[in-house]
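Enquirer: Contents of coords-v3.txt (compact mmCIF, C-alpha atoms) are below:
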```txt
# COMPACT_ATOMS: atom_id res chain seq x y z
CA MET D 1 0.00 0.00 0.00
CA GLN D 2 1.12 3.59 -0.46
CA ILE D 3 1.72 5.99 2.38
CA SER D 4 -1.73 7.53 2.12
CA GLU D 5 -3.40 4.16 2.68
CA LEU D 6 -0.96 3.35 5.48
CA SER D 7 -1.97 6.63 7.09
CA ARG D 8 -5.68 6.01 6.64
CA ARG D 9 -5.62 2.45 7.94
CA SER D 10 -3.41 3.23 10.92
CA GLY D 11 -5.08 6.50 11.88
CA VAL D 12 -1.67 8.21 11.87
CA ALA D 13 -1.34 11.43 9.86
CA VAL D 14 0.93 11.23 6.79
CA ALA D 15 3.22 13.90 8.21
CA THR D 16 3.62 11.85 11.39
CA VAL D 17 4.33 8.67 9.42
CA LYS D 18 7.04 10.53 7.52
CA TYR D 19 8.44 11.79 10.81
CA TYR D 20 8.62 8.25 12.19
CA LEU D 21 10.37 7.17 8.98
CA ARG D 22 12.93 9.96 9.30
CA GLU D 23 13.55 9.16 12.97
CA GLY D 24 14.11 5.50 12.19
CA LEU D 25 11.18 4.24 14.27
CA LEU D 26 9.43 2.91 11.18
CA PRO D 27 11.42 0.96 8.59
CA GLU D 28 11.34 2.29 5.04
CA GLY D 29 8.97 0.74 2.57
CA ALA D 30 10.00 -0.91 -0.66
CA ARG D 31 10.96 1.76 -3.16
CA VAL D 32 8.99 1.49 -6.37
CA SER D 33 9.94 4.84 -7.87
CA ALA D 34 11.87 7.95 -6.97
CA THR D 35 8.94 9.32 -5.02
CA ARG D 36 6.92 6.27 -4.01
CA SER D 37 7.36 3.44 -1.56
CA GLU D 38 5.18 0.43 -0.89
CA TYR D 39 4.21 -0.50 2.66
CA ASP D 40 2.67 -3.67 4.00
CA ASP D 41 0.96 -5.15 7.05
CA ALA D 42 4.25 -5.28 8.94
CA HIS D 43 4.37 -1.49 8.70
CA LEU D 44 0.80 -1.30 9.99
CA ARG D 45 1.68 -3.46 12.98
CA ARG D 46 4.81 -1.42 13.60
CA LEU D 47 2.82 1.82 13.57
CA ALA D 48 0.35 0.38 16.07
CA LEU D 49 3.26 -0.56 18.30
CA ILE D 50 4.84 2.90 18.02
CA ARG D 51 1.55 4.57 18.92
CA ALA D 52 1.12 2.26 21.91
CA LEU D 53 4.62 3.06 23.20
CA ILE D 54 4.21 6.81 22.75
CA GLY D 55 0.60 6.93 23.93
CA VAL D 56 -0.15 4.60 26.83
CA GLY D 57 3.53 3.79 27.25
CA GLY D 58 4.17 7.46 27.87
CA LEU D 59 7.49 7.31 26.04
CA GLY D 60 8.86 10.14 23.95
CA VAL D 61 10.18 9.47 20.46
CA ALA D 62 13.68 8.80 21.80
CA GLY D 63 12.33 6.39 24.41
CA ALA D 64 10.22 4.60 21.81
CA LYS D 65 13.25 4.31 19.55
CA ALA D 66 15.32 2.83 22.37
CA VAL D 67 12.63 0.23 23.05
CA LEU D 68 12.28 -0.62 19.36
CA ASP D 69 16.04 -0.92 19.00
CA GLU D 70 16.07 -3.41 21.88
CA ILE D 71 13.36 -5.45 20.16
CA ASP D 72 14.90 -5.20 16.69
CA ASP D 73 18.41 -6.00 17.84
CA PRO D 74 17.98 -8.12 20.92
CA PRO D 75 20.84 -9.41 23.05
CA GLU D 76 22.19 -12.82 22.14
CA SER D 77 21.39 -14.68 25.31
CA LEU D 78 18.76 -14.71 28.02
CA HIS D 79 21.44 -13.85 30.55
CA GLU D 80 22.39 -10.65 28.75
CA MET D 81 18.75 -9.81 28.30
CA ILE D 82 17.99 -10.00 32.00
CA GLY D 83 20.60 -7.41 32.75
CA SER D 84 19.92 -5.15 29.83
CA ALA D 85 16.15 -5.26 29.37
CA TYR D 86 15.63 -2.11 31.40
CA THR D 87 18.74 -0.16 30.53
CA ARG D 88 17.22 1.42 27.45
CA LEU D 89 13.94 2.18 29.15
CA PRO D 90 13.41 5.26 31.26
CA GLY D 91 13.82 4.26 34.90
CA ALA D 92 10.73 3.24 36.84
CA VAL D 93 11.30 6.07 39.31
CA PRO D 94 11.39 9.61 37.87
CA GLY D 95 14.00 12.05 39.06
CA ALA D 96 17.71 11.71 39.55
CA GLY D 97 20.47 12.19 42.03
CA ALA D 98 21.37 10.34 45.17
CA ALA D 99 18.74 9.47 47.71
CA PRO D 100 19.23 10.51 51.32
CA GLU D 101 21.45 8.01 53.15
CA GLY D 102 18.63 6.74 55.33
CA ALA D 103 16.63 5.92 52.23
CA ALA D 104 19.47 3.98 50.60
CA ASP D 105 19.81 1.96 53.81
CA ARG D 106 16.07 1.24 53.87
CA ALA D 107 16.25 0.12 50.26
CA SER D 108 19.08 -2.31 51.02
CA LEU D 109 17.25 -3.60 54.06
CA LEU D 110 14.11 -4.14 51.99
CA LEU D 111 15.97 -6.12 49.35
CA ARG D 112 17.53 -8.23 52.07
CA ASP D 113 14.13 -8.79 53.74
CA LEU D 114 12.84 -10.00 50.37
CA GLY D 115 15.95 -12.09 49.67
CA TRP D 116 16.44 -10.38 46.30
CA ASP D 117 20.24 -10.69 46.16
CA ALA D 118 20.52 -11.07 42.41
CA ALA D 119 18.44 -7.97 41.77
CA GLU D 120 20.52 -5.94 44.21
CA ARG D 121 23.66 -7.09 42.45
CA GLU D 122 22.54 -6.72 38.84
CA CYS D 123 20.45 -3.55 38.72
CA ALA D 124 22.34 -0.65 40.22
CA ASP D 125 20.16 1.92 38.44
CA GLU D 126 16.87 0.45 39.56
CA VAL D 127 18.17 -0.04 43.12
CA ALA D 128 19.09 3.65 43.13
CA GLY D 129 15.55 4.36 41.92
CA LEU D 130 14.15 2.29 44.79
CA ALA D 131 16.18 4.37 47.24
CA ARG D 132 14.89 7.59 45.66
CA ALA D 133 11.30 6.33 45.86
CA ILE D 134 11.69 5.49 49.54
CA GLY D 135 13.39 8.84 50.11
CA ALA D 136 10.48 10.70 48.54
CA ILE D 137 7.96 8.75 50.59
CA ASP D 138 9.85 9.61 53.77
CA ALA D 139 10.31 13.24 52.75
CA ALA D 140 6.59 13.61 52.13
CA GLY D 141 5.80 12.38 55.61
CA LEU D 142 4.03 9.28 54.32
CA GLU D 143 4.98 6.72 56.94
CA LEU D 144 5.60 3.28 55.54
CA SER D 145 7.03 0.71 57.91
CA ARG D 146 9.57 -1.98 57.10
CA GLU D 147 6.68 -4.44 56.93
CA ASP D 148 4.68 -2.14 54.61
CA LEU D 149 7.59 -2.03 52.19
CA ALA D 150 8.09 -5.79 52.35
CA ALA D 151 4.40 -6.36 51.68
CA TYR D 152 4.64 -4.24 48.52
CA GLY D 153 7.71 -6.20 47.47
CA ARG D 154 6.02 -9.55 47.98
CA ALA D 155 2.98 -8.45 46.00
CA MET D 156 5.19 -7.43 43.08
CA GLY D 157 7.08 -10.69 43.47
CA VAL D 158 3.84 -12.59 42.87
CA VAL D 159 3.17 -10.52 39.73
CA ALA D 160 6.69 -11.02 38.43
CA GLN D 161 6.73 -14.76 39.02
CA ARG D 162 3.65 -15.26 36.90
CA GLU D 163 5.07 -13.02 34.18
CA VAL D 164 8.42 -14.79 34.11
CA GLN D 165 6.65 -18.14 33.89
CA ARG D 166 4.66 -16.90 30.91
CA THR D 167 7.66 -15.47 29.04
CA PRO D 168 7.87 -17.06 25.58
CA SER D 169 10.69 -19.52 25.46
CA GLU D 170 10.91 -20.26 21.74
CA SER D 171 13.55 -17.66 21.03
CA VAL D 172 15.49 -14.90 22.73
CA PRO D 173 13.98 -12.21 20.44
CA ALA D 174 10.46 -13.36 21.39
CA ALA D 175 11.39 -13.27 25.08
CA VAL D 176 12.95 -9.82 24.76
CA ARG D 177 9.89 -8.47 22.99
CA TYR D 178 7.64 -9.85 25.71
CA VAL D 179 9.77 -8.49 28.54
CA VAL D 180 10.26 -5.05 27.05
CA LEU D 181 6.67 -4.53 25.94
CA GLY D 182 5.41 -6.19 29.10
CA THR D 183 7.35 -3.65 31.12
CA VAL D 184 6.36 -0.47 29.27
CA LEU D 185 2.73 -1.29 28.52
CA VAL D 186 1.72 -3.25 31.61
CA GLU D 187 2.96 -0.60 34.05
CA PRO D 188 0.03 1.77 33.40
CA LEU D 189 -2.34 -1.22 33.51
CA LEU D 190 -1.16 -2.15 36.99
CA LEU D 191 -1.46 1.41 38.25
CA VAL D 192 -4.99 1.94 36.98
CA LEU D 193 -6.06 -1.44 38.36
CA ARG D 194 -4.71 -0.43 41.78
CA ARG D 195 -6.70 2.81 41.72
CA LEU D 196 -9.87 0.99 40.70
CA ALA D 197 -9.24 -1.61 43.43
CA HIS D 198 -8.90 1.21 45.96
CA VAL D 199 -12.24 2.67 45.05
CA GLU D 200 -13.89 -0.76 45.06
CA THR D 201 -12.49 -1.73 48.45
CA SER D 202 -13.22 1.65 50.04
CA GLN D 203 -16.74 1.73 48.66
CA ARG D 204 -17.47 -1.74 50.03
CA LEU D 205 -16.32 -0.66 53.48
CA LEU D 206 -18.57 2.39 53.32
CA ASP D 207 -21.53 0.37 52.09
CA ALA D 208 -21.09 -2.45 54.59
CA PRO D 209 -23.88 -2.72 57.13
CA PRO D 210 -22.85 -1.47 60.58
CA PRO D 211 -21.60 -4.27 62.84
CA MET Z 1 14.13 31.42 59.55
CA GLN Z 2 14.68 33.65 56.56
CA ILE Z 3 14.42 32.48 52.98
CA SER Z 4 18.16 31.93 52.65
CA GLU Z 5 18.16 29.47 55.55
CA LEU Z 6 15.00 27.80 54.25
CA SER Z 7 16.81 27.36 50.93
CA ARG Z 8 19.96 25.99 52.55
CA ARG Z 9 18.17 23.53 54.83
CA SER Z 10 15.81 22.26 52.16
CA GLY Z 11 18.36 22.09 49.36
CA VAL Z 12 16.03 24.12 47.13
CA ALA Z 13 17.47 27.19 45.41
CA VAL Z 14 16.12 30.55 46.58
CA ALA Z 15 14.81 31.33 43.11
CA THR Z 16 12.88 28.06 43.12
CA VAL Z 17 11.46 28.72 46.58
CA LYS Z 18 10.24 32.11 45.36
CA TYR Z 19 8.72 30.42 42.33
CA TYR Z 20 6.82 27.99 44.53
CA LEU Z 21 5.61 30.92 46.64
CA ARG Z 22 4.38 32.76 43.55
CA GLU Z 23 2.63 29.66 42.22
CA GLY Z 24 0.87 29.07 45.53
CA LEU Z 25 2.47 25.70 46.24
CA LEU Z 26 4.24 27.04 49.30
CA PRO Z 27 2.31 29.22 51.74
CA GLU Z 28 3.79 32.62 52.45
CA GLY Z 29 5.86 33.14 55.53
CA ALA Z 30 5.07 35.58 58.30
CA ARG Z 31 5.88 39.08 57.14
CA VAL Z 32 8.31 40.86 59.42
CA SER Z 33 9.13 43.81 57.18
CA ALA Z 34 8.41 45.05 53.69
CA THR Z 35 11.11 42.80 52.26
CA ARG Z 36 11.45 39.94 54.76
CA SER Z 37 9.37 36.99 55.77
CA GLU Z 38 9.95 34.36 58.42
CA TYR Z 39 9.58 30.69 57.63
CA ASP Z 40 9.36 27.72 59.95
CA ASP Z 41 9.57 23.93 60.05
CA ALA Z 42 6.14 23.63 58.44
CA HIS Z 43 7.60 25.35 55.39
CA LEU Z 44 10.53 22.93 55.41
CA ARG Z 45 8.16 19.97 55.50
CA ARG Z 46 6.06 21.50 52.75
CA LEU Z 47 9.10 22.00 50.55
CA ALA Z 48 10.13 18.39 51.07
CA LEU Z 49 6.65 17.32 50.04
CA ILE Z 50 6.69 19.54 46.94
CA ARG Z 51 10.05 18.14 45.87
CA ALA Z 52 8.80 14.59 46.37
CA LEU Z 53 5.70 15.22 44.26
CA ILE Z 54 7.68 16.89 41.46
CA GLY Z 55 10.65 14.54 41.62
CA VAL Z 56 9.72 10.93 42.27
CA GLY Z 57 6.01 11.71 41.85
CA GLY Z 58 6.77 12.91 38.34
CA LEU Z 59 4.18 15.67 38.58
CA GLY Z 60 4.58 19.05 36.99
CA VAL Z 61 3.97 22.21 39.00
CA ALA Z 62 0.28 22.23 38.04
CA GLY Z 63 -0.09 18.60 39.05
CA ALA Z 64 1.69 19.21 42.34
CA LYS Z 65 -0.59 22.17 43.02
CA ALA Z 66 -3.68 20.06 42.33
CA VAL Z 67 -2.48 17.42 44.78
CA LEU Z 68 -1.64 20.01 47.43
CA ASP Z 69 -5.01 21.69 46.98
CA GLU Z 70 -6.71 18.33 47.59
CA ILE Z 71 -4.69 17.87 50.78
CA ASP Z 72 -5.13 21.47 51.96
CA ASP Z 73 -8.84 21.58 51.24
CA PRO Z 74 -10.06 18.02 51.51
CA PRO Z 75 -13.59 16.88 50.84
CA GLU Z 76 -15.92 16.82 53.81
CA SER Z 77 -16.71 13.15 53.92
CA LEU Z 78 -15.03 9.84 53.19
CA HIS Z 79 -17.66 9.15 50.56
CA GLU Z 80 -16.78 12.28 48.61
CA MET Z 81 -13.12 11.53 49.01
CA ILE Z 82 -13.39 8.10 47.46
CA GLY Z 83 -14.84 9.50 44.29
CA SER Z 84 -12.66 12.57 44.09
CA ALA Z 85 -9.27 11.40 45.31
CA TYR Z 86 -8.04 10.77 41.81
CA THR Z 87 -9.82 13.48 39.88
CA ARG Z 88 -7.13 16.08 40.51
CA LEU Z 89 -4.30 13.67 39.78
CA PRO Z 90 -3.09 12.92 36.29
CA GLY Z 91 -4.70 9.68 35.14
CA ALA Z 92 -2.84 6.45 35.74
CA VAL Z 93 -2.80 5.75 32.00
CA PRO Z 94 -1.14 8.38 29.79
CA GLY Z 95 -2.75 9.39 26.53
CA ALA Z 96 -6.30 10.33 25.70
CA GLY Z 97 -9.14 9.56 23.40
CA ALA Z 98 -11.42 6.60 23.13
CA ALA Z 99 -10.03 3.11 23.18
CA PRO Z 100 -10.91 0.74 20.36
CA GLU Z 101 -14.31 -0.89 20.98
CA GLY Z 102 -12.82 -4.31 21.58
CA ALA Z 103 -10.64 -2.87 24.31
CA ALA Z 104 -13.54 -1.18 26.08
CA ASP Z 105 -15.39 -4.48 26.04
CA ARG Z 106 -12.37 -6.30 27.48
CA ALA Z 107 -12.12 -3.69 30.20
CA SER Z 108 -15.79 -4.16 31.16
CA LEU Z 109 -15.39 -7.91 31.11
CA LEU Z 110 -12.34 -7.66 33.35
CA LEU Z 111 -14.15 -5.52 35.91
CA ARG Z 112 -17.01 -8.01 35.89
CA ASP Z 113 -14.61 -10.95 36.29
CA LEU Z 114 -13.15 -9.14 39.32
CA GLY Z 115 -16.57 -8.15 40.67
CA TRP Z 116 -15.54 -4.51 40.86
CA ASP Z 117 -19.01 -3.01 40.31
CA ALA Z 118 -18.50 0.06 42.47
CA ALA Z 119 -15.27 0.99 40.70
CA GLU Z 120 -16.90 0.59 37.30
CA ARG Z 121 -19.71 2.87 38.42
CA GLU Z 122 -17.70 5.55 40.22
CA CYS Z 123 -14.57 6.06 38.14
CA ALA Z 124 -15.45 6.72 34.53
CA ASP Z 125 -12.09 8.34 33.82
CA GLU Z 126 -10.02 5.52 35.23
CA VAL Z 127 -12.22 2.91 33.52
CA ALA Z 128 -11.55 4.73 30.25
CA GLY Z 129 -7.85 4.60 31.11
CA LEU Z 130 -8.12 0.86 31.69
CA ALA Z 131 -9.67 0.47 28.23
CA ARG Z 132 -6.87 2.54 26.70
CA ALA Z 133 -4.24 0.45 28.46
CA ILE Z 134 -5.79 -2.78 27.19
CA GLY Z 135 -6.09 -1.24 23.73
CA ALA Z 136 -2.41 -0.37 23.67
CA ILE Z 137 -1.43 -3.84 24.84
CA ASP Z 138 -3.51 -5.39 22.06
CA ALA Z 139 -2.24 -2.92 19.46
CA ALA Z 140 1.35 -3.75 20.35
CA GLY Z 141 0.75 -7.44 19.78
CA LEU Z 142 1.38 -8.29 23.42
CA GLU Z 143 -1.08 -11.10 23.97
CA LEU Z 144 -2.68 -11.05 27.39
CA SER Z 145 -5.54 -13.44 27.97
CA ARG Z 146 -8.66 -12.85 30.02
CA GLU Z 147 -7.02 -14.81 32.82
CA ASP Z 148 -3.79 -12.79 32.57
CA LEU Z 149 -5.75 -9.57 33.03
CA ALA Z 150 -7.74 -11.01 35.93
CA ALA Z 151 -4.52 -12.14 37.62
CA TYR Z 152 -3.15 -8.59 37.41
CA GLY Z 153 -6.41 -7.28 38.85
CA ARG Z 154 -6.37 -9.71 41.76
CA ALA Z 155 -2.76 -8.84 42.59
CA MET Z 156 -3.61 -5.14 42.70
CA GLY Z 157 -6.68 -6.01 44.76
CA VAL Z 158 -4.43 -7.55 47.40
CA VAL Z 159 -2.27 -4.40 47.44
CA ALA Z 160 -5.29 -2.13 47.69
CA GLN Z 161 -6.94 -4.08 50.48
CA ARG Z 162 -3.92 -3.74 52.70
CA GLU Z 163 -3.65 -0.04 51.91
CA VAL Z 164 -7.30 0.65 52.62
CA GLN Z 165 -7.02 -1.20 55.93
CA ARG Z 166 -4.05 0.97 56.87
CA THR Z 167 -5.73 4.26 55.93
CA PRO Z 168 -5.73 6.60 58.95
CA SER Z 169 -9.19 6.86 60.39
CA GLU Z 170 -8.82 9.73 62.86
CA SER Z 171 -9.96 12.41 60.42
CA VAL Z 172 -10.96 12.84 56.81
CA PRO Z 173 -8.02 15.20 56.11
CA ALA Z 174 -5.58 12.57 57.41
CA ALA Z 175 -7.22 9.93 55.25
CA VAL Z 176 -7.17 12.16 52.17
CA ARG Z 177 -3.49 12.96 52.67
CA TYR Z 178 -2.68 9.26 52.98
CA VAL Z 179 -4.68 8.29 49.91
CA VAL Z 180 -3.41 11.09 47.69
CA LEU Z 181 0.25 10.77 48.67
CA GLY Z 182 -0.04 7.00 48.73
CA THR Z 183 -1.22 7.11 45.15
CA VAL Z 184 1.35 9.49 43.70
CA LEU Z 185 4.41 8.34 45.61
CA VAL Z 186 3.80 4.61 45.91
CA GLU Z 187 3.17 4.13 42.17
CA PRO Z 188 6.87 4.45 41.24
CA LEU Z 189 7.77 2.25 44.22
CA LEU Z 190 5.54 -0.55 42.94
CA LEU Z 191 6.93 -0.29 39.43
CA VAL Z 192 10.57 -0.43 40.46
CA LEU Z 193 9.83 -3.34 42.81
CA ARG Z 194 8.24 -5.24 39.93
CA ARG Z 195 11.31 -4.68 37.73
CA LEU Z 196 13.63 -5.82 40.50
CA ALA Z 197 11.40 -8.86 41.12
CA HIS Z 198 11.62 -9.70 37.42
CA VAL Z 199 15.39 -9.68 37.47
CA GLU Z 200 15.48 -11.71 40.69
CA THR Z 201 13.05 -14.35 39.42
CA SER Z 202 14.68 -14.62 35.98
CA GLN Z 203 18.15 -14.84 37.45
CA ARG Z 204 17.12 -17.65 39.81
CA LEU Z 205 15.69 -19.59 36.88
CA LEU Z 206 18.92 -19.15 34.96
CA ASP Z 207 21.04 -20.12 37.94
CA ALA Z 208 18.94 -23.12 38.89
CA PRO Z 209 20.72 -26.43 38.45
CA PRO Z 210 19.46 -28.37 35.44
CA PRO Z 211 16.68 -30.85 36.30
```
What does the file become when written as structure tokens?

Expert:
Amino acid sequence: MQISELSRRSGVAVATVKYYLREGLLPEGARVSATRSEYDDAHLRRLALIRALIGVGGLGVAGAKAVLDEIDDPPESLHEMIGSAYTRLPGAVPGAGAAPEGAADRASLLLRDLGWDAAERECADEVAGLARAIGAIDAAGLELSREDLAAYGRAMGVVAQREVQRTPSESVPAAVRYVVLGTVLVEPLLLVLRRLAHVETSQRLLDAPPP
Amino acid sequence: MQISELSRRSGVAVATVKYYLREGLLPEGARVSATRSEYDDAHLRRLALIRALIGVGGLGVAGAKAVLDEIDDPPESLHEMIGSAYTRLPGAVPGAGAAPEGAADRASLLLRDLGWDAAERECADEVAGLARAIGAIDAAGLELSREDLAAYGRAMGVVAQREVQRTPSESVPAAVRYVVLGTVLVEPLLLVLRRLAHVETSQRLLDAPPP
């Protein structure tokens, strides 16, 4: 199909499609003349993926490109993938800089309470993010105990275990795609589900007959 | 203390403190002369909160102001709070617009599978976000089954139940502060814990002795 049909079928304006082509997010079509290229269903799927990453995924163009590069050119082994899957993504915790010392200690203690030695060893950036998140919680006067933090960790451990079990095993590229997309696109899903669960649980308490 | 000491102790530049004052995020100090105001520990705590919301919370100044307004001027009753707690926050799912019809149907089905009738009724915006999130996941070719979605919902239900149980009950303002801050500042904590759990679980599988 030509670019106009690609635009119509994907819902993406021609100018935006051309922008994605220039930025290298979308592969070029097959050239049929000096001014025309042919696109196919793979381009349609790719556009849908780009829009998902930039829309719900909340990534900018550079972030989307980093994710697509990881999927297009995946590491060679599962071992390399585990370490690198997140390095091209924006960190889970916005902001930068060192966390207050107390927060870094609480982060280490939490990882030890959970027994997550490998994670502590392999993911310096995300561990630093954990410390910053704890630091912000403390700074805001939101009091979360050691047990509160561990409970959050265990809940995320349950989520992660199911996800790791369901990771495709037929090839490293398939696994990388699942992990990377599963990270970027499932994060907003989890957060909205938590908010909806809050409202549901609170409403039930309010509606419950008095004891 | 004067503004220079407030700046030094909080780590926030004087120009930024003045900006927060102008924008109404930080209440004014007590005027002691035409050009000087006195600030106290409440201002220090407020600055720490602002930095947490803007930093780890990932909010812009307008978003931080909306959160602070909710805390400073909370709804009168718990019932009002449940509905409104999220309306001033940015939605959990970035992006806008209607989700594809199939995605809206999957979102409704999910809420029915979970039995979350109150949430479906009370939170139109977040339900729309849920549909958008599912739409993006589908568009990206990440295949999540009905059971996968329900498993995510149940996991977030466990998190939310514990949080609702631990909501302060001494006053509505205390509850609102807990809910609002618990939403903005715990979201990044959950996401980084999930990533760390992924690495931990994957690494253990890789390291496990062959069967």

Enquirer: With a distance cut-off of 6 Å and all atoms listed in the file, select the neighbouring residues of range 93-103 of chain Z, excluding the residue or stretch itself and same-chain residues fewer than 2 positions from it, and output the selection as a list in words.

Expert: Gly55, Val56, Gly58 and Pro188 of chain D; Gly91, Asp105, Arg106, Gly129, Ala131, Arg132, Ile134 and Gly135 of chain Z

Enquirer: Counting all atoms listed in the file, give me one row per residue of chain D with an atom at most 6 Å from an atom of chain Z, showing the shortest contact pair and its distance in Å to one decimal, sorted by chain then residue number, as a Markdown table.

Expert:
```
| residue | atom | partner | partner_atom | distance |
| --- | --- | --- | --- | --- |
| D:Ala48 | CA | Z:Ala139 | CA | 5.4 |
| D:Leu49 | CA | Z:Ala140 | CA | 4.2 |
| D:Ala52 | CA | Z:Ala136 | CA | 4.7 |
| D:Gly55 | CA | Z:Gly95 | CA | 4.9 |
| D:Val56 | CA | Z:Pro94 | CA | 4.9 |
| D:Gly58 | CA | Z:Pro94 | CA | 5.7 |
| D:Ala92 | CA | Z:Val192 | CA | 5.2 |
| D:Val93 | CA | Z:Pro188 | CA | 5.1 |
| D:Pro94 | CA | Z:Val56 | CA | 4.9 |
| D:Gly95 | CA | Z:Gly55 | CA | 4.9 |
| D:Trp116 | CA | Z:Glu200 | CA | 5.8 |
| D:Ala118 | CA | Z:Glu200 | CA | 5.4 |
| D:Ala119 | CA | Z:Glu200 | CA | 4.9 |
| D:Ala133 | CA | Z:Leu189 | CA | 5.6 |
| D:Ala136 | CA | Z:Ala52 | CA | 4.8 |
| D:Ala139 | CA | Z:Ala48 | CA | 5.4 |
| D:Ala140 | CA | Z:Leu49 | CA | 4.3 |
| D:Gly153 | CA | Z:Leu193 | CA | 5.9 |
| D:Met156 | CA | Z:Arg194 | CA | 4.9 |
| D:Gly157 | CA | Z:Ala197 | CA | 5.2 |
| D:Ala160 | CA | Z:His198 | CA | 5.2 |
| D:Pro188 | CA | Z:Val93 | CA | 5.1 |
| D:Leu189 | CA | Z:Ala133 | CA | 5.6 |
| D:Leu191 | CA | Z:Ala92 | CA | 5.8 |
| D:Val192 | CA | Z:Ala92 | CA | 5.1 |
| D:Leu193 | CA | Z:Gly153 | CA | 5.9 |
| D:Arg194 | CA | Z:Met156 | CA | 4.9 |
| D:Leu196 | CA | Z:Ala119 | CA | 5.4 |
| D:Ala197 | CA | Z:Gly157 | CA | 5.3 |
| D:His198 | CA | Z:Ala160 | CA | 5.2 |
| D:Val199 | CA | Z:Ala119 | CA | 5.6 |
| D:Glu200 | CA | Z:Ala119 | CA | 4.9 |
```

Enquirer: Could you check which of D:Leu89, D:Val180, D:Leu21, D:Val61 is closest to Ser37 in chain D, using all atoms listed in the file?

Expert: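 The shortest atom-to-atom distance to Ser37 in chain D comes from D:Leu21.
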
Enquirer: Enter the distance from CA of Pro75 in chain Z to CA of Ala62 in chain Z, in Å, rounded to one decimal.

Expert: 19.6 Å

Enquirer: Around (6.5, -0.2, 11.4), as given in the file, which residues come within 12 Å? Count only C-alpha atoms and list them as a PDB file with C-alpha atoms, in the coordinates of the input.

Expert:
```pdb
ATOM      1  CA  ILE D   3       1.720   5.990   2.380  1.00  0.00           C
ATOM      2  CA  LEU D   6      -0.960   3.350   5.480  1.00  0.00           C
ATOM      3  CA  SER D   7      -1.970   6.630   7.090  1.00  0.00           C
ATOM      4  CA  SER D  10      -3.410   3.230  10.920  1.00  0.00           C
ATOM      5  CA  VAL D  12      -1.670   8.210  11.870  1.00  0.00           C
ATOM      6  CA  VAL D  17       4.330   8.670   9.420  1.00  0.00           C
ATOM      7  CA  LYS D  18       7.040  10.530   7.520  1.00  0.00           C
ATOM      8  CA  TYR D  20       8.620   8.250  12.190  1.00  0.00           C
ATOM      9  CA  LEU D  21      10.370   7.170   8.980  1.00  0.00           C
ATOM     10  CA  GLU D  23      13.550   9.160  12.970  1.00  0.00           C
ATOM     11  CA  GLY D  24      14.110   5.500  12.190  1.00  0.00           C
ATOM     12  CA  LEU D  25      11.180   4.240  14.270  1.00  0.00           C
ATOM     13  CA  LEU D  26       9.430   2.910  11.180  1.00  0.00           C
ATOM     14  CA  PRO D  27      11.420   0.960   8.590  1.00  0.00           C
ATOM     15  CA  GLU D  28      11.340   2.290   5.040  1.00  0.00           C
ATOM     16  CA  GLY D  29       8.970   0.740   2.570  1.00  0.00           C
ATOM     17  CA  TYR D  39       4.210  -0.500   2.660  1.00  0.00           C
ATOM     18  CA  ASP D  40       2.670  -3.670   4.000  1.00  0.00           C
ATOM     19  CA  ASP D  41       0.960  -5.150   7.050  1.00  0.00           C
ATOM     20  CA  ALA D  42       4.250  -5.280   8.940  1.00  0.00           C
ATOM     21  CA  HIS D  43       4.370  -1.490   8.700  1.00  0.00           C
ATOM     22  CA  LEU D  44       0.800  -1.300   9.990  1.00  0.00           C
ATOM     23  CA  ARG D  45       1.680  -3.460  12.980  1.00  0.00           C
ATOM     24  CA  ARG D  46       4.810  -1.420  13.600  1.00  0.00           C
ATOM     25  CA  LEU D  47       2.820   1.820  13.570  1.00  0.00           C
ATOM     26  CA  ALA D  48       0.350   0.380  16.070  1.00  0.00           C
ATOM     27  CA  LEU D  49       3.260  -0.560  18.300  1.00  0.00           C
ATOM     28  CA  ILE D  50       4.840   2.900  18.020  1.00  0.00           C
ATOM     29  CA  ARG D  51       1.550   4.570  18.920  1.00  0.00           C
ATOM     30  CA  LYS D  65      13.250   4.310  19.550  1.00  0.00           C
ATOM     31  CA  LEU D  68      12.280  -0.620  19.360  1.00  0.00           C
ATOM     32  CA  ASP D  72      14.900  -5.200  16.690  1.00  0.00           C
TER      33      ASP D  72
ATOM     34  CA  ALA Z 140       1.350  -3.750  20.350  1.00  0.00           C
TER      35      ALA Z 140
END
```

Enquirer: Could you check how far CA of Glu147 in chain D sits from CA of Asp113 in chain D, in Å to one decimal?

Expert: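 Distance between the two atoms: 9.2 Å.
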